[in-house]
>>> print(open('protein.pdb').read())   # PDB, C-alpha atoms
MODEL        1
ATOM      1  CA  MET A  12      81.127 119.285  79.731  1.00  0.00           C
ATOM      2  CA  THR A  13      79.332 121.214  77.027  1.00  0.00           C
ATOM      3  CA  GLN A  14      80.778 122.815  73.949  1.00  0.00           C
ATOM      4  CA  HIS A  15      79.495 125.189  71.303  1.00  0.00           C
ATOM      5  CA  LEU A  16      78.725 124.126  67.777  1.00  0.00           C
ATOM      6  CA  GLY A  17      78.035 126.491  64.882  1.00  0.00           C
ATOM      7  CA  VAL A  18      74.579 125.574  63.640  1.00  0.00           C
ATOM      8  CA  ARG A  19      75.424 126.593  60.090  1.00  0.00           C
ATOM      9  CA  ALA A  20      78.611 124.539  60.279  1.00  0.00           C
ATOM     10  CA  LEU A  21      76.487 121.649  61.488  1.00  0.00           C
ATOM     11  CA  ALA A  22      73.794 122.304  58.869  1.00  0.00           C
ATOM     12  CA  LEU A  23      72.788 118.906  60.113  1.00  0.00           C
ATOM     13  CA  LEU A  24      76.396 118.124  59.198  1.00  0.00           C
ATOM     14  CA  LEU A  25      75.550 118.066  55.520  1.00  0.00           C
ATOM     15  CA  PRO A  26      78.078 117.575  52.716  1.00  0.00           C
ATOM     16  CA  VAL A  27      79.838 120.948  52.960  1.00  0.00           C
ATOM     17  CA  ALA A  28      81.648 119.864  56.133  1.00  0.00           C
ATOM     18  CA  ALA A  29      85.436 119.659  55.832  1.00  0.00           C
ATOM     19  CA  LEU A  30      87.199 116.331  55.545  1.00  0.00           C
ATOM     20  CA  VAL A  31      88.878 115.159  58.704  1.00  0.00           C
ATOM     21  CA  ALA A  32      91.414 112.422  58.079  1.00  0.00           C
ATOM     22  CA  ALA A  33      94.868 112.144  56.699  1.00  0.00           C
ATOM     23  CA  SER A  34      95.546 109.403  54.174  1.00  0.00           C
ATOM     24  CA  PRO A  35      95.855 106.146  56.104  1.00  0.00           C
ATOM     25  CA  ALA A  36      97.147 103.008  54.486  1.00  0.00           C
ATOM     26  CA  ALA A  37      94.666 100.857  52.592  1.00  0.00           C
ATOM     27  CA  HIS A  38      93.380  97.730  54.282  1.00  0.00           C
ATOM     28  CA  ALA A  39      91.581  94.608  53.120  1.00  0.00           C
ATOM     29  CA  ASP A  40      88.254  94.654  51.309  1.00  0.00           C
ATOM     30  CA  ARG A  41      86.251  94.717  54.530  1.00  0.00           C
ATOM     31  CA  ALA A  42      86.638  96.883  57.638  1.00  0.00           C
ATOM     32  CA  VAL A  43      84.678  96.950  60.888  1.00  0.00           C
ATOM     33  CA  THR A  44      84.862  99.914  63.271  1.00  0.00           C
ATOM     34  CA  THR A  45      83.360  99.961  66.768  1.00  0.00           C
ATOM     35  CA  ASP A  46      81.953 103.260  68.033  1.00  0.00           C
ATOM     36  CA  PRO A  47      81.434 103.905  71.777  1.00  0.00           C
ATOM     37  CA  ALA A  48      77.895 103.386  73.039  1.00  0.00           C
ATOM     38  CA  GLY A  49      76.313 106.303  74.872  1.00  0.00           C
ATOM     39  CA  ASP A  50      78.212 109.038  72.999  1.00  0.00           C
ATOM     40  CA  VAL A  51      75.213 110.784  71.406  1.00  0.00           C
ATOM     41  CA  VAL A  52      75.060 114.547  71.836  1.00  0.00           C
ATOM     42  CA  LEU A  53      72.053 116.866  71.924  1.00  0.00           C
ATOM     43  CA  VAL A  54      72.329 120.088  69.904  1.00  0.00           C
ATOM     44  CA  ASP A  55      70.735 122.519  72.355  1.00  0.00           C
ATOM     45  CA  ARG A  56      70.010 125.815  70.618  1.00  0.00           C
ATOM     46  CA  GLN A  57      68.012 127.161  73.548  1.00  0.00           C
ATOM     47  CA  ALA A  58      71.091 127.074  75.778  1.00  0.00           C
ATOM     48  CA  SER A  59      73.104 129.303  73.443  1.00  0.00           C
ATOM     49  CA  GLU A  60      73.061 133.098  73.623  1.00  0.00           C
ATOM     50  CA  ASP A  61      74.166 133.291  69.981  1.00  0.00           C
ATOM     51  CA  ALA A  62      71.417 132.465  67.491  1.00  0.00           C
ATOM     52  CA  GLU A  63      74.017 130.993  65.140  1.00  0.00           C
ATOM     53  CA  THR A  64      75.332 128.428  67.615  1.00  0.00           C
ATOM     54  CA  GLY A  65      74.061 125.523  69.584  1.00  0.00           C
ATOM     55  CA  VAL A  66      75.494 123.860  72.653  1.00  0.00           C
ATOM     56  CA  LEU A  67      76.488 120.210  72.497  1.00  0.00           C
ATOM     57  CA  VAL A  68      75.175 118.389  75.544  1.00  0.00           C
ATOM     58  CA  PRO A  69      75.965 114.697  76.205  1.00  0.00           C
ATOM     59  CA  ALA A  70      72.833 112.575  75.785  1.00  0.00           C
ATOM     60  CA  PRO A  71      73.925 109.039  76.768  1.00  0.00           C
ATOM     61  CA  LYS A  72      70.346 107.846  77.313  1.00  0.00           C
ATOM     62  CA  ASN A  73      69.473 108.384  73.667  1.00  0.00           C
ATOM     63  CA  SER A  74      69.783 104.995  71.994  1.00  0.00           C
ATOM     64  CA  THR A  75      68.000 105.545  68.676  1.00  0.00           C
ATOM     65  CA  SER A  76      70.702 107.858  67.260  1.00  0.00           C
ATOM     66  CA  ASP A  77      73.597 105.931  68.799  1.00  0.00           C
ATOM     67  CA  ILE A  78      75.950 104.248  66.328  1.00  0.00           C
ATOM     68  CA  THR A  79      77.830 101.295  67.812  1.00  0.00           C
ATOM     69  CA  ARG A  80      79.483  99.692  64.777  1.00  0.00           C
ATOM     70  CA  VAL A  81      80.163 100.483  61.116  1.00  0.00           C
ATOM     71  CA  SER A  82      81.004  97.713  58.642  1.00  0.00           C
ATOM     72  CA  VAL A  83      82.336  98.577  55.181  1.00  0.00           C
ATOM     73  CA  ASP A  84      82.337  95.793  52.585  1.00  0.00           C
ATOM     74  CA  HIS A  85      84.055  96.944  49.369  1.00  0.00           C
ATOM     75  CA  ARG A  86      83.299  94.399  46.666  1.00  0.00           C
ATOM     76  CA  PRO A  87      84.192  94.703  42.963  1.00  0.00           C
ATOM     77  CA  ARG A  88      80.665  95.741  41.966  1.00  0.00           C
ATOM     78  CA  LEU A  89      79.051  96.788  45.229  1.00  0.00           C
ATOM     79  CA  LEU A  90      79.903  98.878  48.251  1.00  0.00           C
ATOM     80  CA  ARG A  91      77.895  97.797  51.271  1.00  0.00           C
ATOM     81  CA  VAL A  92      77.893  99.881  54.454  1.00  0.00           C
ATOM     82  CA  SER A  93      76.139  98.398  57.481  1.00  0.00           C
ATOM     83  CA  VAL A  94      75.540 100.744  60.421  1.00  0.00           C
ATOM     84  CA  LYS A  95      74.662  99.036  63.697  1.00  0.00           C
ATOM     85  CA  MET A  96      72.646 101.213  66.082  1.00  0.00           C
ATOM     86  CA  ARG A  97      72.140 100.725  69.803  1.00  0.00           C
ATOM     87  CA  LYS A  98      68.446 100.695  68.960  1.00  0.00           C
ATOM     88  CA  VAL A  99      66.720 101.507  65.692  1.00  0.00           C
ATOM     89  CA  GLY A 100      63.667 103.507  66.677  1.00  0.00           C
ATOM     90  CA  SER A 101      60.475 103.797  64.673  1.00  0.00           C
ATOM     91  CA  SER A 102      58.704 106.604  66.513  1.00  0.00           C
ATOM     92  CA  PHE A 103      60.491 109.496  64.794  1.00  0.00           C
ATOM     93  CA  GLY A 104      62.484 110.240  61.653  1.00  0.00           C
ATOM     94  CA  ASP A 105      66.241 109.850  61.453  1.00  0.00           C
ATOM     95  CA  THR A 106      68.681 111.046  58.835  1.00  0.00           C
ATOM     96  CA  MET A 107      71.860 109.122  58.141  1.00  0.00           C
ATOM     97  CA  MET A 108      74.595 110.752  56.082  1.00  0.00           C
ATOM     98  CA  LEU A 109      77.532 108.975  54.497  1.00  0.00           C
ATOM     99  CA  ARG A 110      80.617 110.540  52.987  1.00  0.00           C
ATOM    100  CA  LEU A 111      82.479 108.436  50.420  1.00  0.00           C
ATOM    101  CA  ARG A 112      86.034 109.480  49.542  1.00  0.00           C
ATOM    102  CA  THR A 113      87.889 107.802  46.672  1.00  0.00           C
ATOM    103  CA  PRO A 114      91.216 108.563  44.958  1.00  0.00           C
ATOM    104  CA  GLU A 115      89.398 110.666  42.357  1.00  0.00           C
ATOM    105  CA  ARG A 116      86.508 112.377  44.101  1.00  0.00           C
ATOM    106  CA  ARG A 117      84.020 112.587  46.923  1.00  0.00           C
ATOM    107  CA  ALA A 118      80.341 111.673  47.091  1.00  0.00           C
ATOM    108  CA  ASP A 119      77.723 112.185  49.784  1.00  0.00           C
ATOM    109  CA  LEU A 120      74.701 110.052  50.511  1.00  0.00           C
ATOM    110  CA  MET A 121      71.650 110.923  52.548  1.00  0.00           C
ATOM    111  CA  VAL A 122      69.297 108.285  53.901  1.00  0.00           C
ATOM    112  CA  MET A 123      66.009 109.583  55.233  1.00  0.00           C
ATOM    113  CA  ARG A 124      63.938 107.079  57.114  1.00  0.00           C
ATOM    114  CA  GLN A 125      60.695 106.609  58.976  1.00  0.00           C
ATOM    115  CA  GLY A 126      60.385 103.191  60.532  1.00  0.00           C
ATOM    116  CA  ARG A 127      61.267 100.649  57.827  1.00  0.00           C
ATOM    117  CA  GLU A 128      60.807 103.103  54.947  1.00  0.00           C
ATOM    118  CA  THR A 129      63.888 104.782  53.495  1.00  0.00           C
ATOM    119  CA  PHE A 130      64.662 107.325  50.787  1.00  0.00           C
ATOM    120  CA  THR A 131      68.267 107.545  49.593  1.00  0.00           C
ATOM    121  CA  THR A 132      70.003 110.199  47.465  1.00  0.00           C
ATOM    122  CA  MET A 133      73.565 110.723  46.245  1.00  0.00           C
ATOM    123  CA  SER A 134      75.252 114.043  45.502  1.00  0.00           C
ATOM    124  CA  ARG A 135      78.615 115.477  44.524  1.00  0.00           C
ATOM    125  CA  GLY A 136      78.945 118.957  45.959  1.00  0.00           C
ATOM    126  CA  PHE A 137      75.505 120.470  45.483  1.00  0.00           C
ATOM    127  CA  ARG A 138      74.672 118.374  42.417  1.00  0.00           C
ATOM    128  CA  GLN A 139      72.472 115.342  42.840  1.00  0.00           C
ATOM    129  CA  VAL A 140      73.691 112.208  41.059  1.00  0.00           C
ATOM    130  CA  LYS A 141      71.490 109.485  39.652  1.00  0.00           C
ATOM    131  CA  CYS A 142      72.586 106.009  40.674  1.00  0.00           C
ATOM    132  CA  ARG A 143      70.572 103.013  39.595  1.00  0.00           C
ATOM    133  CA  LYS A 144      70.200 100.313  42.228  1.00  0.00           C
ATOM    134  CA  LEU A 145      71.317 102.635  45.027  1.00  0.00           C
ATOM    135  CA  SER A 146      69.383 101.296  48.000  1.00  0.00           C
ATOM    136  CA  SER A 147      69.026 101.310  51.762  1.00  0.00           C
ATOM    137  CA  THR A 148      67.162  99.108  54.200  1.00  0.00           C
ATOM    138  CA  VAL A 149      66.328  99.218  57.895  1.00  0.00           C
ATOM    139  CA  ASP A 150      66.388  95.999  59.902  1.00  0.00           C
ATOM    140  CA  LEU A 151      64.485  96.573  63.144  1.00  0.00           C
ATOM    141  CA  ARG A 152      65.345  93.054  64.322  1.00  0.00           C
ATOM    142  CA  THR A 153      69.111  93.548  64.224  1.00  0.00           C
ATOM    143  CA  ASP A 154      69.077  97.358  64.693  1.00  0.00           C
ATOM    144  CA  LYS A 155      70.961  97.956  61.447  1.00  0.00           C
ATOM    145  CA  ILE A 156      70.713 100.439  58.614  1.00  0.00           C
ATOM    146  CA  ILE A 157      72.296  99.014  55.456  1.00  0.00           C
ATOM    147  CA  VAL A 158      73.258 101.057  52.398  1.00  0.00           C
ATOM    148  CA  SER A 159      74.232  99.456  49.083  1.00  0.00           C
ATOM    149  CA  VAL A 160      76.026 101.500  46.407  1.00  0.00           C
ATOM    150  CA  PRO A 161      76.961 100.082  42.986  1.00  0.00           C
ATOM    151  CA  THR A 162      80.667 100.834  42.566  1.00  0.00           C
ATOM    152  CA  SER A 163      79.969 101.972  38.999  1.00  0.00           C
ATOM    153  CA  CYS A 164      78.281 105.036  40.537  1.00  0.00           C
ATOM    154  CA  ILE A 165      81.547 106.013  42.231  1.00  0.00           C
ATOM    155  CA  ASP A 166      83.913 105.195  39.343  1.00  0.00           C
ATOM    156  CA  THR A 167      84.843 101.723  40.645  1.00  0.00           C
ATOM    157  CA  PRO A 168      87.642 103.019  42.879  1.00  0.00           C
ATOM    158  CA  ARG A 169      90.585 100.904  44.005  1.00  0.00           C
ATOM    159  CA  TRP A 170      90.012 102.098  47.591  1.00  0.00           C
ATOM    160  CA  ILE A 171      87.423 104.062  49.513  1.00  0.00           C
ATOM    161  CA  GLN A 172      87.034 105.837  52.847  1.00  0.00           C
ATOM    162  CA  VAL A 173      83.658 106.137  54.540  1.00  0.00           C
ATOM    163  CA  GLY A 174      82.270 108.563  57.111  1.00  0.00           C
ATOM    164  CA  VAL A 175      78.875 108.137  58.820  1.00  0.00           C
ATOM    165  CA  ILE A 176      76.773 110.541  60.868  1.00  0.00           C
ATOM    166  CA  VAL A 177      73.247 110.002  62.212  1.00  0.00           C
ATOM    167  CA  VAL A 178      70.933 112.852  63.166  1.00  0.00           C
ATOM    168  CA  GLY A 179      67.749 112.046  65.075  1.00  0.00           C
ATOM    169  CA  ALA A 180      64.952 114.584  65.409  1.00  0.00           C
ATOM    170  CA  GLN A 181      62.341 114.744  68.145  1.00  0.00           C
ATOM    171  CA  VAL A 182      59.712 117.359  68.849  1.00  0.00           C
ATOM    172  CA  GLU A 183      59.286 118.316  72.480  1.00  0.00           C
ATOM    173  CA  HIS A 184      55.702 119.436  72.981  1.00  0.00           C
ATOM    174  CA  GLY A 185      54.294 121.896  75.484  1.00  0.00           C
ATOM    175  CA  THR A 186      57.448 123.795  76.487  1.00  0.00           C
ATOM    176  CA  ASP A 187      57.327 127.349  77.776  1.00  0.00           C
ATOM    177  CA  THR A 188      58.268 128.632  74.336  1.00  0.00           C
ATOM    178  CA  GLY A 189      56.039 126.203  72.429  1.00  0.00           C
ATOM    179  CA  ASN A 190      57.072 123.050  70.613  1.00  0.00           C
ATOM    180  CA  GLN A 191      60.845 122.646  70.328  1.00  0.00           C
ATOM    181  CA  LEU A 192      62.844 120.568  67.881  1.00  0.00           C
ATOM    182  CA  ARG A 193      65.524 118.463  69.553  1.00  0.00           C
ATOM    183  CA  GLN A 194      68.370 117.071  67.461  1.00  0.00           C
ATOM    184  CA  PHE A 195      70.569 114.170  68.573  1.00  0.00           C
ATOM    185  CA  VAL A 196      73.802 113.508  66.677  1.00  0.00           C
ATOM    186  CA  ASP A 197      76.437 110.765  66.584  1.00  0.00           C
ATOM    187  CA  ASP A 198      79.525 110.254  64.420  1.00  0.00           C
ATOM    188  CA  GLY A 199      80.269 106.604  63.669  1.00  0.00           C
ATOM    189  CA  PHE A 200      84.054 107.014  63.686  1.00  0.00           C
ATOM    190  CA  ARG A 201      84.677 108.938  66.888  1.00  0.00           C
ATOM    191  CA  GLU A 202      83.142 109.733  70.241  1.00  0.00           C
ATOM    192  CA  GLY A 203      80.257 112.160  69.867  1.00  0.00           C
ATOM    193  CA  VAL A 204      80.584 114.794  67.158  1.00  0.00           C
ATOM    194  CA  ARG A 205      82.720 117.879  66.591  1.00  0.00           C
ATOM    195  CA  ASP A 206      82.518 121.127  64.682  1.00  0.00           C
ATOM    196  CA  ASP A 207      85.620 120.451  62.590  1.00  0.00           C
ATOM    197  CA  GLY A 208      84.046 118.152  60.050  1.00  0.00           C
ATOM    198  CA  TRP A 209      83.696 114.463  59.382  1.00  0.00           C
ATOM    199  CA  LYS A 210      85.875 111.705  60.735  1.00  0.00           C
ATOM    200  CA  LEU A 211      86.579 109.170  58.014  1.00  0.00           C
ATOM    201  CA  GLY A 212      87.518 105.549  58.499  1.00  0.00           C
ATOM    202  CA  ASP A 213      90.568 103.834  57.023  1.00  0.00           C
ATOM    203  CA  ARG A 214      90.928 103.213  53.335  1.00  0.00           C
ATOM    204  CA  VAL A 215      89.278  99.947  52.314  1.00  0.00           C
ATOM    205  CA  ARG A 216      90.618  98.296  49.158  1.00  0.00           C
ATOM    206  CA  ARG A 217      88.322  96.865  46.529  1.00  0.00           C
ATOM    207  CA  GLY A 218      88.037  93.109  46.902  1.00  0.00           C
TER     208      GLY A 218
ENDMDL
END
>>> encode(input="protein.pdb", output="structure tokens")
Amino acid sequence: MTQHLGVRALALLLPVAALVAASPAAHADRAVTTDPAGDVVLVDRQASEDAETGVLVPAPKNSTSDITRVSVDHRPRLLRVSVKMRKVGSSFGDTMMLRLRTPERRADLMVMRQGRETFTTMSRGFRQVKCRKLSSTVDLRTDKIIVSVPTSCIDTPRWIQVGVIVVGAQVEHGTDTGNQLRQFVDDGFREGVRDDGWKLGDRVRRG
């Protein structure tokens, strides 16, 4: 089954998306969430009659944008989020976005990568925030993308909720209408992706 997705609402699912989650009870300082394998969707703009929408088409064969597990380790001085992929590819660029929700505020991280190289930024709303020692790494051996955030950059919260979305981009060459950009998307906390915002995991207490 296909469904329509507003491209502007997707905006590659950037930080303006609405929060989707009530306020679940806080859990221990580490949480692991399994995400279904094979739940990647293709955002097909060519299949939509409306220029502002795309059609979400299941793309179970895509493994390089497929999140299978998210681990959140909330330590006193460091938040560590490990995102296990079905396969970390190196032939095209991926973007991983994290939403961090604390009792006081919200922050958004963007990890751009090409192979083992990563570039990570943090923002609040549309304002970029400097965060020393903010880092991300790609482990091609274990198919993981790991993001480390000093808790001082997020006001050392007593609990945190995390959301994760991966967007993979591929260029399809030689189509009837020229080269076409194909975008594959997966949400780490639910099957596929929806147009109603991010799905956040449970609250994870500071250890």
>>> resolve_selection(input="protein.pdb", expression="the PyMOL selection byres ((chain A and resi 107) around 12)", output="PyMOL selection string")
chain A and resi 23-26+75-78+92-96+99+104-106+108-110+119-125+129-132+147-149+155-158+174-180+195-199
>>> resolve_selection(input="protein.pdb", expression="the PyMOL selection byres ((chain A and resi 201) around 8)", output="list of chain:residue names")
A:Asp46, A:Pro47, A:Asp198, A:Gly199, A:Phe200, A:Glu202, A:Gly203, A:Val204, A:Lys210
>>> write_last_selection(input="protein.pdb", atoms="C-alpha atoms", output="PDB file, keeping the file's coordinate frame")
ATOM      1  CA  ASP A  46      81.953 103.260  68.033  1.00  0.00           C
ATOM      2  CA  PRO A  47      81.434 103.905  71.777  1.00  0.00           C
ATOM      3  CA  ASP A 198      79.525 110.254  64.420  1.00  0.00           C
ATOM      4  CA  GLY A 199      80.269 106.604  63.669  1.00  0.00           C
ATOM      5  CA  PHE A 200      84.054 107.014  63.686  1.00  0.00           C
ATOM      6  CA  GLU A 202      83.142 109.733  70.241  1.00  0.00           C
ATOM      7  CA  GLY A 203      80.257 112.160  69.867  1.00  0.00           C
ATOM      8  CA  VAL A 204      80.584 114.794  67.158  1.00  0.00           C
ATOM      9  CA  LYS A 210      85.875 111.705  60.735  1.00  0.00           C
TER      10      LYS A 210
END
>>> residues_around(input="protein.pdb", residues="segment 111-117 of chain A", least_positions_apart="6", cutoff="8 Å", atoms="only C-alpha atoms", output="NGL selection string")
:A and (135 or 165 or 168-174)
>>> resolve_selection(input="protein.pdb", expression="the PyMOL selection byres ((chain A and resi 143) around 12)", output="list in words")
Leu89, Thr131, Thr132, Met133, Val140, Lys141, Cys142, Lys144, Leu145, Ser146, Ser159, Val160, Pro161, Thr162, Ser163, Cys164 and Ile165 of chain A
>>> atom_distance(input="protein.pdb", atom1="atom CA of Gln139 of chain A", atom2="atom CA of Arg91 of chain A")
20.2 Å
>>> residues_around(input="protein.pdb", residues="His85 of chain A", least_positions_apart="4", cutoff="6 Å", atoms="all atoms listed in the file", output="PyMOL selection string")
chain A and resi 40+90+217
>>> atom_distance(input="protein.pdb", atom1="atom CA of Gly212 of chain A", atom2="atom CA of Leu67 of chain A")
23.1 Å
>>> atom_distance(input="protein.pdb", atom1="atom CA of Arg88 of chain A", atom2="atom CA of Asp154 of chain A")
25.6 Å
>>> closest_residue(input="protein.pdb", among="A:Ala118, A:Gly100, A:Val52, A:Asn73", to="Phe137 of chain A", atoms="all atoms listed in the file")
A:Ala118
>>> closest_residue(input="protein.pdb", among="A:Arg80, A:Arg152, A:Lys98, A:His38", to="Arg214 of chain A", atoms="all atoms listed in the file")
A:His38
